[in-house]
Structure formats: C-alpha cells, structure tokens
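Asks: Structure below; questions to follow.
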Amino acid sequence: MKLRTAKNIDLAEGRSDDILFCERLIEYDLFKSGMILPTGFGLRLRRASRGRILRHWIFQYRQHGRNRRMIIGSADTVTPAQAQEKARKLHAEVELGGDPQARKVERREKDSLSLRSVVSDYLAQKTGVKEGTLRMLRTYLEGPLYLKSLHGVPLDRISRKDVAARLLAVSRASGAPTAIAFRSALSSLFVWAMQMGLTEHNPVVNSFKPPTPGSRDRVLTDPELAAIWNALEDDDYAKVIRLLVCTGCRRAEVGGIKWTEFSDDMSTWGLPKERAKNAKEHKLPVTPLIAPAATVYATLPLELRFAALCLPFAIEQSSGS
C-alpha cells in the first residue's frame, strides 16, 4: 500500500481546526497499519485566510501538571518519517523528566538577552564609582574597538574562544596593558551577570591573558624638566604644564581641579579622596610657582584642560628646540 503525504489531507467540511493523533494518522494512510507511534504525536490542520490549509506536525504532552503542545515543523517541508523520529526523541525526553517546550521558551528568552543589553544594564547600576572608572568601562564594553562584533550575540553563547580572540586582537592593536584592563572590565561584567542569574558561566576565566609588563620606573630627569620648562611660552597651555611639573600629580587629578578645592587664602589645594587614586585626601601647598598656573587653570573649560594635558607634546617641543 502506498502511503499518502500530509499535503493531500484536508479539513472536514465546516471545520476550521483539527488534530489527527496516532490512530487517525494511520487511518489516513500516513503511516503503516500496526505501527506504534509516540503518544501525543499528531498533525494539526488549520484553515487560514483565502481557504488555505496550514498543516503542522505537533507533539503534545503533560509535564509538571501542565498540558504542553509544541510544533515539530511544517508538513510541507518535514516528511512523516522525519516528524515521527523527532516526536520519538521528544517523547523520550518527557519520559526522563524533561520539558522540551519549556526548554524551547527558555532558549528563546536567552537568545533575546544579547551582550549589548546586559552591558547597558550593568553600566546603569554602576553608581558610586569614579567618573574616570565609568568612562573606562564604557570605552571597553560599549566602544566599537573592543566588543562590537559580540554585541548582538546572546550572552550565554559567548565562549572562551570568542573572548580570547578579542583579547588577542586588542593586545596586538593597543598593547598588553590595554588588553589586561579590557579583560578585567569584561570579567567584572560576567561576574555581575552570574550574580543576577543571567548566565551560568564566565568565559573570561582561564581565557588568554597577555603577559603583564614590568613596572615602569622611567621618570623625567632634572635636565629634561628644565628643557620642558624653558620651552614653554607664557600662555595658558604653559601654565598647565608648569602646574603638572610643580605638583607631580596625575593628569586626571589635575584635570578635575575646582575652585572649591582651594583654601580661602589660596595657600593650599586639597585633592579630595573621591578623585585621588589611593582614595585618600591630599593637601598640597600653593607655592609661588603654582599659584599663577592654578589660578588660570581653574577657570579653563574642561575641554581645554584635557587638551593641555598632553605632556608628550611638550616633551617633543622641548627636544626639538
């Protein structure tokens, strides 16, 4: 006997929806007589617009006190034999305590949770951190040079191989120190995601780690400082460079100077603990060399301050004079 195909089966007159389960599938000659089909395996027929008939293989079961139904595939592309084999696997999964429909829904939810969306949530809750730290995290996690190729990937599908590839690329392009800082930021993101139940693993763990470079011990010598000092003109830029030389402070610390940090008599400058790298307040005397530069610098717009903090440019100017 030649078996029929599902494409040749139509809905009964006056019906808009029907499901043919095991025995009826055999009655319609879709499977051989006497064949044992998986419980819950069927063919659903639905009448759509313009008289079209939609045919889908389905698997129906009960798990955890709930009735479940899931689509195996369209009868237009999936043969009866293929649908039967898939139904057998699903039936075995249910018998072993699984819930294939719940797994499918969970997979869909995970696929909608992209790295980009998790990064956005992670940065939104990073309150109470220094502005420089937050700016660094945004650069590493949102910037186009680091994770752009992974932003659209579901979080739980990002593998150690993916992370290692990005770390190696950053290390080659920007050097080991940048790659190490990028790795730390990415690991912090995944630790937070694990704490929030968004993923079960941190792919940064045991991934490629660039060798840590030795500590820098290079400092400007007195003749070099003198050359820089003498090369400066009497403009705002020069006052800023002299301020860096006189205080020995970090660029970010000088870059955030505010009038409120100076004493009323302008005799001291108090670097607040919120802006100090060691999180401790630091007071510096405003010497006659510092006073003119500090007075002008505190009035400069932020964009001009940071433009003036390009110390290597000053060194090049001095070496070329």
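Starting from 1 in every chain, residues are counted up; chains themselves are A, B, ... following the order of the structure tokens, and ligands are numbered from 1 as listed.
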Just want the 12 Å neighbourhood of Ser184 of chain A, counted on only C-alpha atoms, with same-chain residues fewer than 6 positions away dropped. Output as a PyMOL selection string.

Replies: chain A and resi 136-137+140-141+163+167+177-178+190-191+202+204-205+207-210

Asks: Hey, what does DSSP flag as helix (DSSP H, G or I) within segment 101-312 of chain A? Can you give it to me as a ChimeraX atom specification?

Replies: /A:101-112,115-124,131-142,148-150,155-157,160-174,176-195,222-231,236-247,251-255,259-261,290-297,302-308,311-312

Asks: From a DSSP calculation on the backbone, collect every residue of segment 12-89 of chain A in strand (DSSP E) and output the set as a ChimeraX atom specification.

Replies: /A:17-21,41-47,53-63,66-74

Asks: Considering only C-alpha atoms, can you say which of A:Thr133, A:Ala176, A:Thr268, A:Arg183 comes closest to Tyr146 of chain A?

Replies: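 Result for the nearest residue to Tyr146 of chain A: A:Arg183.
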
Asks: For Arg103 of chain A, work out the shell of residues within 12 Å, counting only C-alpha atoms and skipping chain neighbours fewer than 3 positions away, then give it as JSON, numbers by chain.

Replies: {"A": [68, 70, 90, 93, 94, 98, 99, 100, 106, 107, 108, 109, 110]}

Asks: What gap, in Å, lies between atom CA of Ala173 of chain A and atom CA of Leu115 of chain A?

Replies: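 Atom-to-atom, atom CA of Ala173 of chain A to atom CA of Leu115 of chain A, that is 22.6 Å.
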
Asks: With a distance cut-off of 12 Å and only C-alpha atoms, select the neighbouring residues of Thr139 of chain A, excluding the residue or stretch itself and same-chain residues fewer than 2 positions from it, and output the selection as a VMD selection string.

Replies: chain A and resid 119 123 132 to 137 141 to 148 178 181 to 182 185 to 186

Asks: Give me, please, the distance in Å between atom CA of Ile71 of chain A and atom CA of Arg4 of chain A, quoted to one decimal.

Replies: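 These two atoms are separated by 20.9 Å.
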
Asks: Which distance in Å separates atom CA of Glu253 of chain A and atom CA of Lys277 of chain A, to one decimal?

Replies: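 Atom-to-atom, atom CA of Glu253 of chain A and atom CA of Lys277 of chain A are spaced 8.4 Å apart.
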
Asks: Excluding segment 41-43 of chain A and residues on its chain fewer than 5 positions from it, collect all residues at most 10 Å away from it, counting only C-alpha atoms, and give them as a PyMOL selection string.

Replies: chain A and resi 6+9+18-25+55-61+69+71-75+80+83-84+86-88+90-91

Asks: Could you check the closest approach to Ala276 of chain A for each of A:Arg251, A:Arg138, A:Arg116, A:Arg218 and tell me which residue wins, using only C-alpha atoms?

Replies: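 Under the stated criterion, the closest residue is A:Arg251.
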
Asks: Do you know which residues are at most 10 Å from Arg275 of chain A counting only C-alpha atoms, after dropping those on the same chain fewer than 6 positions away, and could you put them as a list of chain:residue names?

Replies: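 Counting only the stated atoms, we get A:Lys130, A:Glu131, A:Gly132, A:Ala252, A:Glu253, A:Val254, A:Gly256, A:Ile257, A:Glu281, A:His282.
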
Asks: Which one of A:Leu271, A:Ala12, A:Ile180, A:Ala169 sits closest to Thr212 of chain A if you count only C-alpha atoms?

Replies: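 Residue with the minimum atom-to-atom distance to Thr212 of chain A: A:Ile180.
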
Asks: Name the residues in contact with Leu113 of chain A at a cut-off of 12 Å, using only C-alpha atoms, excluding same-chain residues fewer than 4 positions from it; report them as an MDAnalysis selection string.

Replies: chainID A and resid 106:109 117:121 151:158 193 197:199

Asks: I need the residues from that last selection saved to file as a short mmCIF file (atom, residue, chain, number, x, y, z; two decimals), in the first residue's frame (with N, CA and C atoms), if you can.

Replies:
data_model
loop_
_atom_site.label_atom_id
_atom_site.label_comp_id
_atom_site.auth_asym_id
_atom_site.auth_seq_id
_atom_site.Cartn_x
_atom_site.Cartn_y
_atom_site.Cartn_z
N GLU A 106 12.79 28.88 27.03
CA GLU A 106 13.97 29.39 27.74
C GLU A 106 15.06 29.78 26.75
N ARG A 107 15.23 28.96 25.71
CA ARG A 107 16.24 29.26 24.69
C ARG A 107 15.89 30.55 23.95
N ARG A 108 14.60 30.75 23.68
CA ARG A 108 14.16 31.97 23.01
C ARG A 108 14.44 33.20 23.87
N GLU A 109 14.20 33.07 25.18
CA GLU A 109 14.45 34.18 26.09
C GLU A 109 15.95 34.49 26.17
N SER A 117 22.53 44.38 25.56
CA SER A 117 21.53 44.73 26.56
C SER A 117 22.05 44.53 27.97
N VAL A 118 22.87 43.49 28.18
CA VAL A 118 23.43 43.23 29.50
C VAL A 118 24.44 44.31 29.87
N VAL A 119 25.24 44.74 28.91
CA VAL A 119 26.20 45.82 29.15
C VAL A 119 25.47 47.08 29.59
N SER A 120 24.37 47.39 28.91
CA SER A 120 23.58 48.59 29.24
C SER A 120 23.07 48.52 30.68
N ASP A 121 22.53 47.36 31.07
CA ASP A 121 22.02 47.20 32.44
C ASP A 121 23.16 47.26 33.47
N HIS A 151 28.40 42.25 20.37
CA HIS A 151 27.28 42.94 21.00
C HIS A 151 25.93 42.29 20.71
N GLY A 152 25.76 41.73 19.53
CA GLY A 152 24.47 41.13 19.17
C GLY A 152 24.35 39.66 19.53
N VAL A 153 25.38 39.07 20.12
CA VAL A 153 25.39 37.64 20.44
C VAL A 153 24.69 37.41 21.79
N PRO A 154 23.84 36.38 21.90
CA PRO A 154 23.25 36.06 23.20
C PRO A 154 24.34 35.84 24.25
N LEU A 155 24.11 36.33 25.44
CA LEU A 155 25.14 36.31 26.47
C LEU A 155 25.67 34.91 26.74
N ASP A 156 24.78 33.93 26.85
CA ASP A 156 25.22 32.59 27.22
C ASP A 156 25.89 31.84 26.07
N ARG A 157 25.88 32.41 24.88
CA ARG A 157 26.53 31.76 23.73
C ARG A 157 27.94 32.31 23.49
N ILE A 158 28.36 33.28 24.28
CA ILE A 158 29.72 33.81 24.14
C ILE A 158 30.68 32.83 24.81
N ALA A 193 26.73 39.48 35.84
CA ALA A 193 25.67 38.75 35.13
C ALA A 193 25.37 37.42 35.81
N GLY A 197 21.86 36.03 37.76
CA GLY A 197 21.21 34.85 37.18
C GLY A 197 21.02 34.93 35.69
N LEU A 198 21.79 35.77 35.01
CA LEU A 198 21.64 35.93 33.56
C LEU A 198 22.48 34.92 32.78
N THR A 199 23.48 34.35 33.42
CA THR A 199 24.32 33.34 32.78
C THR A 199 24.89 32.45 33.87
#

Asks: Of the candidates A:Ala227, A:Glu261, A:Gln195, A:Ile53, which shows the shortest atom-to-atom distance to Leu11 of chain A, using only C-alpha atoms?

Replies: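 Counting only C-alpha atoms, the residue closest to Leu11 of chain A is A:Ile53.
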
Asks: For the contact check between segment 137-238 of chain A and segment 243-246 of chain A, emit one row per residue of segment 137-238 of chain A within 10 Å, containing the shortest atom pair and the distance in Å rounded to one decimal, counting only C-alpha atoms, chain then rising number order, as JSON lines.

Replies:
{"residue": "A:Leu220", "atom": "CA", "partner": "A:Val245", "partner_atom": "CA", "distance": 9.9}
{"residue": "A:Leu225", "atom": "CA", "partner": "A:Val245", "partner_atom": "CA", "distance": 7.6}
{"residue": "A:Ala226", "atom": "CA", "partner": "A:Val245", "partner_atom": "CA", "distance": 9.9}
{"residue": "A:Ile228", "atom": "CA", "partner": "A:Val245", "partner_atom": "CA", "distance": 9.3}
{"residue": "A:Trp229", "atom": "CA", "partner": "A:Val245", "partner_atom": "CA", "distance": 8.5}
{"residue": "A:Tyr237", "atom": "CA", "partner": "A:Leu243", "partner_atom": "CA", "distance": 10.0}
{"residue": "A:Ala238", "atom": "CA", "partner": "A:Leu243", "partner_atom": "CA", "distance": 8.6}
